[in-house]
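Below: upload.pdb (PDB, C-alpha atoms)
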ATOM      1  CA  MET A   1      -5.490  -3.089  29.126
ATOM      2  CA  LYS A   2      -7.090  -2.726  25.706
ATOM      3  CA  LYS A   3      -3.719  -2.147  24.018
ATOM      4  CA  ILE A   4      -2.157  -5.136  25.824
ATOM      5  CA  ILE A   5      -4.856  -7.420  24.418
ATOM      6  CA  HIS A   6      -4.937  -5.789  20.960
ATOM      7  CA  TYR A   7      -1.469  -6.690  19.682
ATOM      8  CA  PRO A   8      -1.399 -10.385  20.751
ATOM      9  CA  PHE A   9      -4.884 -10.729  19.251
ATOM     10  CA  LEU A  10      -3.624  -9.125  16.032
ATOM     11  CA  ILE A  11      -0.736 -11.604  15.833
ATOM     12  CA  LEU A  12      -3.024 -14.589  16.487
ATOM     13  CA  THR A  13      -5.572 -13.534  13.879
ATOM     14  CA  SER A  14      -2.777 -12.941  11.353
ATOM     15  CA  ALA A  15      -1.393 -16.431  11.974
ATOM     16  CA  ALA A  16      -4.905 -17.926  11.710
ATOM     17  CA  GLY A  17      -5.454 -16.106   8.402
ATOM     18  CA  LEU A  18      -2.163 -17.461   7.060
ATOM     19  CA  LEU A  19      -3.054 -21.005   8.127
ATOM     20  CA  PHE A  20      -6.459 -20.694   6.466
ATOM     21  CA  PHE A  21      -4.831 -19.350   3.281
ATOM     22  CA  MET A  22      -2.342 -22.226   3.075
ATOM     23  CA  SER A  23      -5.008 -24.868   3.804
ATOM     24  CA  PHE A  24      -7.724 -23.404   1.584
ATOM     25  CA  PRO A  25      -6.746 -25.321  -1.653
ATOM     26  CA  LYS A  26      -7.499 -28.605   0.135
ATOM     27  CA  LEU A  27     -11.137 -27.581   0.388
ATOM     28  CA  PHE A  28     -11.647 -28.127  -3.360
ATOM     29  CA  ASN A  29     -10.956 -31.081  -5.610
ATOM     30  CA  PHE A  30     -12.130 -32.351  -8.967
ATOM     31  CA  ARG A  31     -14.795 -34.989  -8.734
ATOM     32  CA  PRO A  32     -13.880 -38.515  -9.885
ATOM     33  CA  ASN A  33     -14.617 -40.116 -13.281
ATOM     34  CA  GLY A  34     -13.030 -37.250 -15.230
ATOM     35  CA  SER A  35     -15.595 -34.662 -14.171
ATOM     36  CA  GLU A  36     -14.750 -31.014 -14.766
ATOM     37  CA  HIS A  37     -16.787 -29.864 -11.774
ATOM     38  CA  LEU A  38     -15.236 -29.004  -8.449
ATOM     39  CA  GLY A  39     -16.181 -30.852  -5.308
ATOM     40  CA  PHE A  40     -15.811 -29.935  -1.664
ATOM     41  CA  LYS A  41     -13.881 -31.941   0.915
ATOM     42  CA  LEU A  42     -14.373 -30.249   4.232
ATOM     43  CA  MET A  43     -12.581 -32.965   6.190
ATOM     44  CA  ASP A  44      -9.474 -32.670   4.007
ATOM     45  CA  PHE A  45      -9.456 -28.942   4.672
ATOM     46  CA  PHE A  46      -9.625 -29.425   8.459
ATOM     47  CA  LYS A  47      -6.896 -32.093   8.299
ATOM     48  CA  ALA A  48      -4.666 -29.763   6.274
ATOM     49  CA  PHE A  49      -5.403 -26.908   8.692
ATOM     50  CA  ILE A  50      -4.443 -29.010  11.718
ATOM     51  CA  ALA A  51      -1.331 -30.404  10.014
ATOM     52  CA  THR A  52      -0.217 -26.916   9.029
ATOM     53  CA  THR A  53      -0.826 -25.638  12.567
ATOM     54  CA  LEU A  54       1.238 -28.464  14.089
ATOM     55  CA  GLN A  55       4.221 -27.418  11.970
ATOM     56  CA  PHE A  56       4.530 -24.319  14.156
ATOM     57  CA  PHE A  57       5.477 -26.607  17.043
ATOM     58  CA  GLU A  58       8.099 -28.617  15.129
ATOM     59  CA  ALA A  59      11.708 -27.624  15.748
ATOM     60  CA  ASP A  60      12.748 -28.228  12.123
ATOM     61  CA  SER A  61      10.209 -25.666  10.895
ATOM     62  CA  TRP A  62      12.118 -22.853  12.606
ATOM     63  CA  LEU A  63      15.477 -23.555  10.936
ATOM     64  CA  PHE A  64      15.153 -21.042   8.117
ATOM     65  CA  PHE A  65      16.693 -17.793   9.394
ATOM     66  CA  GLU A  66      20.039 -18.439   7.692
ATOM     67  CA  LYS A  67      18.236 -18.787   4.372
ATOM     68  CA  TRP A  68      16.506 -15.434   4.892
ATOM     69  CA  ASN A  69      19.681 -13.744   6.143
ATOM     70  CA  GLN A  70      21.401 -13.989   2.751
ATOM     71  CA  GLU A  71      22.762 -11.030   0.846
ATOM     72  CA  THR A  72      20.371 -11.449  -2.103
ATOM     73  CA  VAL A  73      17.287 -11.694   0.124
ATOM     74  CA  ILE A  74      18.335  -8.693   2.218
ATOM     75  CA  GLU A  75      18.911  -6.652  -0.950
ATOM     76  CA  ARG A  76      15.446  -7.532  -2.253
ATOM     77  CA  TYR A  77      13.958  -6.726   1.141
ATOM     78  CA  THR A  78      15.590  -3.292   1.420
ATOM     79  CA  TYR A  79      14.853  -2.504  -2.234
ATOM     80  CA  SER A  80      11.103  -3.114  -1.819
ATOM     81  CA  LEU A  81      10.953  -1.174   1.447
ATOM     82  CA  GLU A  82      12.805   1.702  -0.203
ATOM     83  CA  ILE A  83      10.243   1.793  -3.021
ATOM     84  CA  ILE A  84       7.357   1.799  -0.540
ATOM     85  CA  LEU A  85       8.771   4.545   1.681
ATOM     86  CA  VAL A  86       9.741   6.880  -1.153
ATOM     87  CA  SER A  87       6.435   6.141  -2.921
ATOM     88  CA  LEU A  88       4.675   7.246   0.263
ATOM     89  CA  VAL A  89       6.549  10.556   0.133
ATOM     90  CA  PHE A  90       5.693  10.951  -3.554
ATOM     91  CA  THR A  91       2.033  10.137  -2.856
ATOM     92  CA  ILE A  92       1.724  12.744  -0.121
ATOM     93  CA  PHE A  93       3.561  15.360  -2.187
ATOM     94  CA  ILE A  94       1.703  14.779  -5.482
ATOM     95  CA  GLY A  95      -1.688  14.391  -3.794
ATOM     96  CA  SER A  96      -1.179  17.538  -1.731
ATOM     97  CA  CYS A  97      -0.131  19.550  -4.797
ATOM     98  CA  ILE A  98      -3.238  18.446  -6.711
ATOM     99  CA  ALA A  99      -5.554  19.227  -3.793
ATOM    100  CA  TYR A 100      -4.048  22.664  -3.065
ATOM    101  CA  ILE A 101      -4.104  23.646  -6.734
ATOM    102  CA  LEU A 102      -7.771  22.690  -7.028
ATOM    103  CA  MET A 103      -8.642  24.549  -3.833
ATOM    104  CA  SER A 104      -6.939  27.712  -5.098
ATOM    105  CA  ILE A 105      -9.158  27.985  -8.210
ATOM    106  CA  SER A 106     -12.841  28.834  -8.538
ATOM    107  CA  PHE A 107     -15.545  26.407  -7.451
ATOM    108  CA  LYS A 108     -16.895  26.000 -11.002
ATOM    109  CA  LYS A 109     -13.523  25.012 -12.467
ATOM    110  CA  ARG A 110     -12.786  22.825  -9.448
ATOM    111  CA  SER A 111     -16.007  20.849  -9.949
ATOM    112  CA  LYS A 112     -15.068  20.021 -13.549
ATOM    113  CA  LEU A 113     -11.539  18.963 -12.609
ATOM    114  CA  LYS A 114     -12.892  16.822  -9.764
ATOM    115  CA  HIS A 115     -14.773  14.726 -12.332
ATOM    116  CA  VAL A 116     -11.502  14.117 -14.185
ATOM    117  CA  LEU A 117      -9.800  13.183 -10.908
ATOM    118  CA  ASN A 118     -12.629  10.807 -10.009
ATOM    119  CA  PHE A 119     -12.392   9.156 -13.428
ATOM    120  CA  PHE A 120      -8.675   8.403 -13.195
ATOM    121  CA  GLU A 121      -8.915   7.322  -9.557
ATOM    122  CA  GLY A 122     -11.628   4.817 -10.496
ATOM    123  CA  LEU A 123      -9.547   3.075 -13.164
ATOM    124  CA  PRO A 124      -7.954  -0.285 -12.235
ATOM    125  CA  ASP A 125      -4.324  -0.125 -11.151
ATOM    126  CA  LEU A 126      -3.319  -2.786 -13.659
ATOM    127  CA  LEU A 127      -4.837  -0.843 -16.570
ATOM    128  CA  ILE A 128      -3.022   2.383 -15.666
ATOM    129  CA  ILE A 129       0.324   0.604 -15.299
ATOM    130  CA  PHE A 130      -0.216  -1.214 -18.606
ATOM    131  CA  ILE A 131      -1.070   2.018 -20.474
ATOM    132  CA  ILE A 132       2.045   3.750 -19.126
ATOM    133  CA  GLN A 133       4.145   0.732 -20.021
ATOM    134  CA  MET A 134       2.834   0.595 -23.605
ATOM    135  CA  SER A 135       3.205   4.378 -24.012
ATOM    136  CA  LEU A 136       6.860   4.238 -23.047
ATOM    137  CA  PHE A 137       7.367   1.302 -25.423
ATOM    138  CA  ALA A 138       5.792   3.260 -28.303
ATOM    139  CA  LEU A 139       7.854   6.351 -27.502
ATOM    140  CA  TYR A 140      11.088   4.370 -27.597
ATOM    141  CA  ARG A 141      10.090   2.369 -30.700
ATOM    142  CA  ASP A 142       8.923   5.298 -32.832
ATOM    143  CA  PHE A 143      11.240   8.093 -31.695
ATOM    144  CA  GLY A 144      14.130   6.313 -29.966
ATOM    145  CA  ILE A 145      13.449   8.238 -26.736
ATOM    146  CA  ARG A 146      13.920   6.372 -23.485
ATOM    147  CA  LEU A 147      12.699   8.565 -20.664
ATOM    148  CA  VAL A 148      13.367   6.133 -17.827
ATOM    149  CA  THR A 149      14.842   2.728 -17.090
ATOM    150  CA  MET A 150      11.829   0.466 -16.624
ATOM    151  CA  TYR A 151      13.284  -2.980 -16.052
ATOM    152  CA  GLY A 152      15.779  -4.530 -13.698
ATOM    153  CA  LEU A 153      18.587  -5.832 -15.880
ATOM    154  CA  ALA A 154      22.194  -6.852 -15.220
ATOM    155  CA  GLY A 155      21.757  -6.578 -11.465
ATOM    156  CA  LYS A 156      20.784  -2.882 -11.631
ATOM    157  CA  GLU A 157      17.289  -2.130 -10.422
ATOM    158  CA  PRO A 158      15.523   1.140 -11.376
ATOM    159  CA  LEU A 159      14.403   3.349  -8.514
ATOM    160  CA  ILE A 160      12.675   6.549  -9.602
ATOM    161  CA  PHE A 161      10.360   5.024 -12.211
ATOM    162  CA  PRO A 162       8.784   2.280 -10.033
ATOM    163  CA  MET A 163       8.415   4.783  -7.206
ATOM    164  CA  ILE A 164       6.494   7.201  -9.440
ATOM    165  CA  ILE A 165       4.296   4.459 -10.924
ATOM    166  CA  ASN A 166       3.668   2.966  -7.497
ATOM    167  CA  SER A 167       2.495   6.312  -6.118
ATOM    168  CA  LEU A 168       0.444   7.509  -9.109
ATOM    169  CA  LEU A 169      -2.998   6.098  -8.250
ATOM    170  CA  PRO A 170      -2.603   6.389  -4.454
ATOM    171  CA  SER A 171      -1.824  10.085  -4.962
ATOM    172  CA  MET A 172      -5.135  10.479  -6.859
ATOM    173  CA  PHE A 173      -6.964   8.828  -3.983
ATOM    174  CA  PHE A 174      -5.138  10.967  -1.433
ATOM    175  CA  ALA A 175      -5.920  14.129  -3.418
ATOM    176  CA  GLN A 176      -9.629  13.200  -3.429
ATOM    177  CA  TYR A 177      -9.637  12.660   0.305
ATOM    178  CA  LEU A 178      -7.651  15.810   1.008
ATOM    179  CA  LEU A 179      -9.917  17.879  -1.214
ATOM    180  CA  LYS A 180     -12.977  16.567   0.610
ATOM    181  CA  ILE A 181     -11.738  17.484   4.088
ATOM    182  CA  MET A 182     -10.541  20.875   2.813
ATOM    183  CA  GLU A 183     -13.992  21.696   1.453
ATOM    184  CA  GLU A 184     -15.578  20.609   4.739
ATOM    185  CA  GLU A 185     -13.089  22.726   6.663
ATOM    186  CA  TYR A 186     -13.889  25.769   4.535
ATOM    187  CA  GLU A 187     -17.425  25.782   5.957
ATOM    188  CA  LYS A 188     -16.245  26.322   9.538
ATOM    189  CA  HIS A 189     -16.472  29.612  11.403
ATOM    190  CA  TYR A 190     -12.757  30.380  11.667
ATOM    191  CA  ILE A 191     -12.536  30.500   7.859
ATOM    192  CA  LEU A 192     -15.318  33.095   7.753
ATOM    193  CA  LEU A 193     -13.575  35.011  10.536
ATOM    194  CA  GLY A 194     -10.325  35.064   8.575
ATOM    195  CA  GLN A 195     -12.104  36.261   5.440
ATOM    196  CA  ALA A 196     -13.863  38.964   7.467
ATOM    197  CA  LYS A 197     -10.480  40.180   8.717
ATOM    198  CA  GLY A 198      -9.316  40.583   5.130
ATOM    199  CA  LEU A 199      -6.941  37.599   5.005
ATOM    200  CA  SER A 200      -6.297  36.269   1.526
ATOM    201  CA  ASN A 201      -7.640  32.846   0.529
ATOM    202  CA  LEU A 202      -4.091  31.547   0.005
ATOM    203  CA  HIS A 203      -3.067  32.657   3.496
ATOM    204  CA  ILE A 204      -6.119  30.985   5.026
ATOM    205  CA  LEU A 205      -5.551  27.851   2.957
ATOM    206  CA  PHE A 206      -1.832  27.361   3.569
ATOM    207  CA  VAL A 207      -1.646  28.576   7.180
ATOM    208  CA  HIS A 208      -4.851  28.188   9.159
ATOM    209  CA  LEU A 209      -6.626  25.414   7.270
ATOM    210  CA  THR A 210      -3.497  23.283   6.840
ATOM    211  CA  ARG A 211      -2.765  23.238  10.578
ATOM    212  CA  ASN A 212      -6.240  21.859  11.245
ATOM    213  CA  ILE A 213      -6.265  19.133   8.594
ATOM    214  CA  VAL A 214      -2.784  17.698   9.266
ATOM    215  CA  PRO A 215      -4.036  15.492  12.156
ATOM    216  CA  VAL A 216      -6.845  14.092   9.991
ATOM    217  CA  MET A 217      -4.447  13.505   7.102
ATOM    218  CA  SER A 218      -2.112  11.510   9.341
ATOM    219  CA  ILE A 219      -4.924   9.158  10.392
ATOM    220  CA  HIS A 220      -5.534   8.353   6.721
ATOM    221  CA  ILE A 221      -1.935   7.260   6.087
ATOM    222  CA  LYS A 222      -2.845   3.638   6.927
ATOM    223  CA  THR A 223      -4.979   3.360   3.781
ATOM    224  CA  ILE A 224      -2.280   4.978   1.642
ATOM    225  CA  ILE A 225       0.376   2.543   2.898
ATOM    226  CA  PHE A 226      -1.931  -0.382   2.116
ATOM    227  CA  MET A 227      -2.562   0.876  -1.436
ATOM    228  CA  ILE A 228       1.141   1.418  -2.097
ATOM    229  CA  THR A 229       2.006  -2.046  -0.784
ATOM    230  CA  THR A 230      -0.597  -3.768  -2.978
ATOM    231  CA  ASN A 231       0.515  -1.754  -6.020
ATOM    232  CA  LEU A 232       4.081  -2.877  -5.374
ATOM    233  CA  VAL A 233       3.152  -6.458  -6.323
ATOM    234  CA  LEU A 234       1.901  -5.315  -9.738
ATOM    235  CA  VAL A 235       4.838  -2.984 -10.348
ATOM    236  CA  GLU A 236       7.499  -5.563  -9.483
ATOM    237  CA  GLN A 237       5.841  -8.249 -11.608
ATOM    238  CA  MET A 238       5.122  -6.104 -14.677
ATOM    239  CA  PHE A 239       8.535  -4.431 -14.762
ATOM    240  CA  VAL A 240      10.541  -7.535 -13.816
ATOM    241  CA  LEU A 241      11.979  -5.977 -10.673
ATOM    242  CA  ASN A 242      14.027  -8.137  -8.355
ATOM    243  CA  GLY A 243      12.131  -7.169  -5.233
ATOM    244  CA  TYR A 244      10.947  -8.890  -2.089
ATOM    245  CA  THR A 245       7.607  -9.947  -3.569
ATOM    246  CA  LYS A 246       9.561 -12.195  -5.919
ATOM    247  CA  GLU A 247      11.135 -13.836  -2.882
ATOM    248  CA  LEU A 248       7.691 -14.359  -1.346
ATOM    249  CA  TYR A 249       6.401 -15.830  -4.605
ATOM    250  CA  ASN A 250       9.305 -18.282  -4.819
ATOM    251  CA  LEU A 251       8.655 -19.300  -1.229
ATOM    252  CA  LEU A 252       4.941 -19.938  -1.804
ATOM    253  CA  ILE A 253       5.485 -22.145  -4.873
ATOM    254  CA  THR A 254       8.233 -24.152  -3.158
ATOM    255  CA  ARG A 255       6.883 -27.328  -1.609
ATOM    256  CA  GLY A 256       9.532 -27.308   1.099
ATOM    257  CA  GLY A 257       8.431 -23.938   2.478
ATOM    258  CA  SER A 258       6.864 -24.275   5.919
ATOM    259  CA  PRO A 259       4.003 -22.052   7.160
ATOM    260  CA  VAL A 260       6.347 -20.762   9.867
ATOM    261  CA  GLN A 261       8.770 -19.612   7.194
ATOM    262  CA  VAL A 262       5.993 -17.914   5.200
ATOM    263  CA  PHE A 263       4.689 -16.207   8.341
ATOM    264  CA  PHE A 264       8.180 -14.945   9.185
ATOM    265  CA  TYR A 265       8.882 -13.676   5.663
ATOM    266  CA  VAL A 266       5.567 -11.810   5.512
ATOM    267  CA  GLY A 267       5.854 -10.548   9.093
ATOM    268  CA  VAL A 268       9.360  -9.146   8.622
ATOM    269  CA  PHE A 269       8.100  -7.245   5.597
ATOM    270  CA  LEU A 270       4.961  -5.860   7.260
ATOM    271  CA  VAL A 271       6.365  -4.958  10.701
ATOM    272  CA  PRO A 272       8.256  -1.810   9.512
ATOM    273  CA  LEU A 273       5.146  -0.639   7.665
ATOM    274  CA  MET A 274       2.942  -1.230  10.699
ATOM    275  CA  LEU A 275       5.399   0.649  12.915
ATOM    276  CA  LEU A 276       5.469   3.548  10.452
ATOM    277  CA  GLU A 277       1.678   3.634  10.392
ATOM    278  CA  ARG A 278       1.487   3.658  14.195
ATOM    279  CA  VAL A 279       4.075   6.432  14.514
ATOM    280  CA  VAL A 280       2.240   8.627  11.999
ATOM    281  CA  THR A 281      -1.140   7.902  13.586
ATOM    282  CA  LEU A 282       0.061   8.652  17.118
ATOM    283  CA  SER A 283       1.750  11.833  15.907
ATOM    284  CA  GLY A 284      -1.490  12.931  14.285
ATOM    285  CA  LYS A 285      -3.476  12.246  17.454
ATOM    286  CA  LYS A 286      -0.933  14.150  19.515
ATOM    287  CA  ALA A 287      -1.153  17.126  17.159
ATOM    288  CA  ALA A 288      -4.951  16.944  17.306
ATOM    289  CA  ASN A 289      -4.950  16.936  21.118
ATOM    290  CA  ALA A 290      -2.617  19.918  21.143
ATOM    291  CA  ARG A 291      -5.094  21.852  18.985
ATOM    292  CA  GLY A 292      -8.111  20.623  20.950
ATOM    293  CA  LEU A 293      -9.511  18.530  18.076
ATOM    294  CA  ASN A 294     -11.378  15.250  18.483
ATOM    295  CA  ILE A 295     -10.466  12.654  15.831
TER     296      ILE A 295
END

Please express the file's structure as structure tokens.
Amino acid sequence: MKKIIHYPFLILTSAAGLLFFMSFPKLFNFRPNGSEHLGFKLMDFFKAFIATTLQFFEADSWLFFEKWNQETVIERYTYSLEIILVSLVFTIFIGSCIAYILMSISFKKRSKLKHVLNFFEGLPDLLIIFIIQMSLFALYRDFGIRLVTMYGLAGKEPLIFPMIINSLLPSMFFAQYLLKIMEEEYEKHYILLGQAKGLSNLHILFVHLTRNIVPVMSIHIKTIIFMITTNLVLVEQMFVLNGYTKELYNLLITRGGSPVQVFFYVGVFLVPLMLLERVVTLSGKKAANARGLNI
């Protein structure tokens, strides 16, 4: 019963959030007589909210599928989803490598490297992307070396570079989280039992400990997907990529775009990601139940 109510409620709250977002600018206006101060018009906001809601019940508002089902829009849609999915794989791989390498060294060295990891993870996404962008510019300008194709030109969109950039900071965050649960797991009794039996630390780490943390890792995928999706907006804008966020931007600045159309465009983009998150989460819970873990 709880699951039956959950998903319709999720759809309704998403639609309400979209309506609030599209009506929110009507809440503010500049005061008369050339004043530079903002004023509030609560009634205008409610009127805009009601008018936007009523558009969901107008037949003309639903005549947009042919516009979405164009070759250029579909290409942008699949291109952005491809970046997100491969970036997720990169994030898990890079983050896992960092965490396992740190766990395989001594505690003293690990503590120092954790400070470095915390520093880079705390930097703003925009700053990291900008530094990488400027570094590649300087490398090409001074030495004529072009490591990667950064920009989408002549109808050819780069793949590997935006995927790496999009997964860089999420992989730091994932490595931090993975390192934390590994250190907590190392304090449990089965680790001491394995060490008492003479098992090597690498064997305990890669065999016994990994099997117990996989279910917890899968639950955390939701946050990683969210981070990768938000980073995608920055990556596509800064590297002039012809992705789906550009299509959403064009739709939002077009006066003829209806709230139904915006809701559909956003929903079509988020549904595959939500399904992926649910599949991974359910798989993690199933694995946890099989091992008798409560998560």

Neighbour list for A:Asp125 as a PyMOL selection string, cut-off 10 Å, only C-alpha atoms, skip fewer than 6 positions in-chain: chain A and resi 165-166+168-170+227+230-231+234-235

File dump, residues just selected, C-alpha atoms, as a PDB file, in the coordinates of the input:
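Output file selection.pdb follows:
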ATOM      1  CA  ILE A 165       4.296   4.459 -10.924  1.00  0.00           C
ATOM      2  CA  ASN A 166       3.668   2.966  -7.497  1.00  0.00           C
ATOM      3  CA  LEU A 168       0.444   7.509  -9.109  1.00  0.00           C
ATOM      4  CA  LEU A 169      -2.998   6.098  -8.250  1.00  0.00           C
ATOM      5  CA  PRO A 170      -2.603   6.389  -4.454  1.00  0.00           C
ATOM      6  CA  MET A 227      -2.562   0.876  -1.436  1.00  0.00           C
ATOM      7  CA  THR A 230      -0.597  -3.768  -2.978  1.00  0.00           C
ATOM      8  CA  ASN A 231       0.515  -1.754  -6.020  1.00  0.00           C
ATOM      9  CA  LEU A 234       1.901  -5.315  -9.738  1.00  0.00           C
ATOM     10  CA  VAL A 235       4.838  -2.984 -10.348  1.00  0.00           C
TER      11      VAL A 235
END

Please identify all polymer residues lying at most 12 Å from the point (-4.1, -20.9, 3.1) (file coordinates), using only C-alpha atoms, and present the result as a VMD selection string. chain A and resid 14 to 27 45 to 46 48 to 50 52 to 53 252 258 to 259 262 to 263

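The residue that comes closest to A:Ile131, out of A:Leu251, A:Met238, A:Ile83, A:Val260 and on the basis of only C-alpha atoms, is A:Met238.
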
Given all atoms listed in the file as the counted atoms, nearest of A:Val268, A:Met274, A:Leu139, A:Ala196 to A:Phe65: A:Val268

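Minimum distance to A:Thr78 across A:Tyr244, A:Ser167, A:Leu276, A:Lys286 (counting all atoms listed in the file) occurs at A:Tyr244.
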
If you count all atoms listed in the file, which residues fall within 6 Å of A:Ser171, apart from same-chain ones fewer than 3 positions away, as an NGL selection string? :A and (91 or 94-95 or 167-168 or 174-175)

Which residues fall under the PyMOL selection byres ((chain A and resi 73) around 12) in this file, as JSON, numbers by chain? {"A": [65, 66, 67, 68, 69, 70, 71, 72, 74, 75, 76, 77, 78, 79, 80, 242, 243, 244, 245, 246, 247, 248, 250, 251, 265, 268, 269]}

Which value, in Å to one decimal, gives the distance between atom CA of A:Lys109 and atom CA of A:His189?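 These two atoms are separated by 24.5 Å.
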
Can you give me, as a short mmCIF file (atom, residue, chain, number, x, y, z; two decimals) with C-alpha atoms, in the coordinates of the input, the residues this file yields under the PyMOL selection byres ((chain A and resi 96) around 10)?
data_model
loop_
_atom_site.label_atom_id
_atom_site.label_comp_id
_atom_site.auth_asym_id
_atom_site.auth_seq_id
_atom_site.Cartn_x
_atom_site.Cartn_y
_atom_site.Cartn_z
CA PHE A 90 5.69 10.95 -3.55
CA THR A 91 2.03 10.14 -2.86
CA ILE A 92 1.72 12.74 -0.12
CA PHE A 93 3.56 15.36 -2.19
CA ILE A 94 1.70 14.78 -5.48
CA GLY A 95 -1.69 14.39 -3.79
CA CYS A 97 -0.13 19.55 -4.80
CA ILE A 98 -3.24 18.45 -6.71
CA ALA A 99 -5.55 19.23 -3.79
CA TYR A 100 -4.05 22.66 -3.06
CA ILE A 101 -4.10 23.65 -6.73
CA LEU A 102 -7.77 22.69 -7.03
CA SER A 171 -1.82 10.09 -4.96
CA MET A 172 -5.14 10.48 -6.86
CA PHE A 174 -5.14 10.97 -1.43
CA ALA A 175 -5.92 14.13 -3.42
CA GLN A 176 -9.63 13.20 -3.43
CA TYR A 177 -9.64 12.66 0.30
CA LEU A 178 -7.65 15.81 1.01
CA LEU A 179 -9.92 17.88 -1.21
#

Using all atoms listed in the file: which of A:Leu273, A:Gln237, A:Val86, A:Phe161 has the shortest distance to A:Leu136: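 Of all the options, A:Phe161 lies closest to A:Leu136.
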
Evaluate the PyMOL selection byres ((chain A and resi 214) around 12) and record the selected residues as a count of residues only, following the chain and residue labels used in the document. 32

Restricting the calculation to all atoms listed in the file, which member of A:Phe57, A:Phe143, A:Phe173, A:Phe137 is positioned closest to A:Gly122?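 That would be A:Phe173, the residue with the smallest distance to A:Gly122.
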
For A:Phe56, which of A:Gln261, A:Lys41, A:Val240, A:Pro272 is the closest residue, counting only C-alpha atoms? A:Gln261
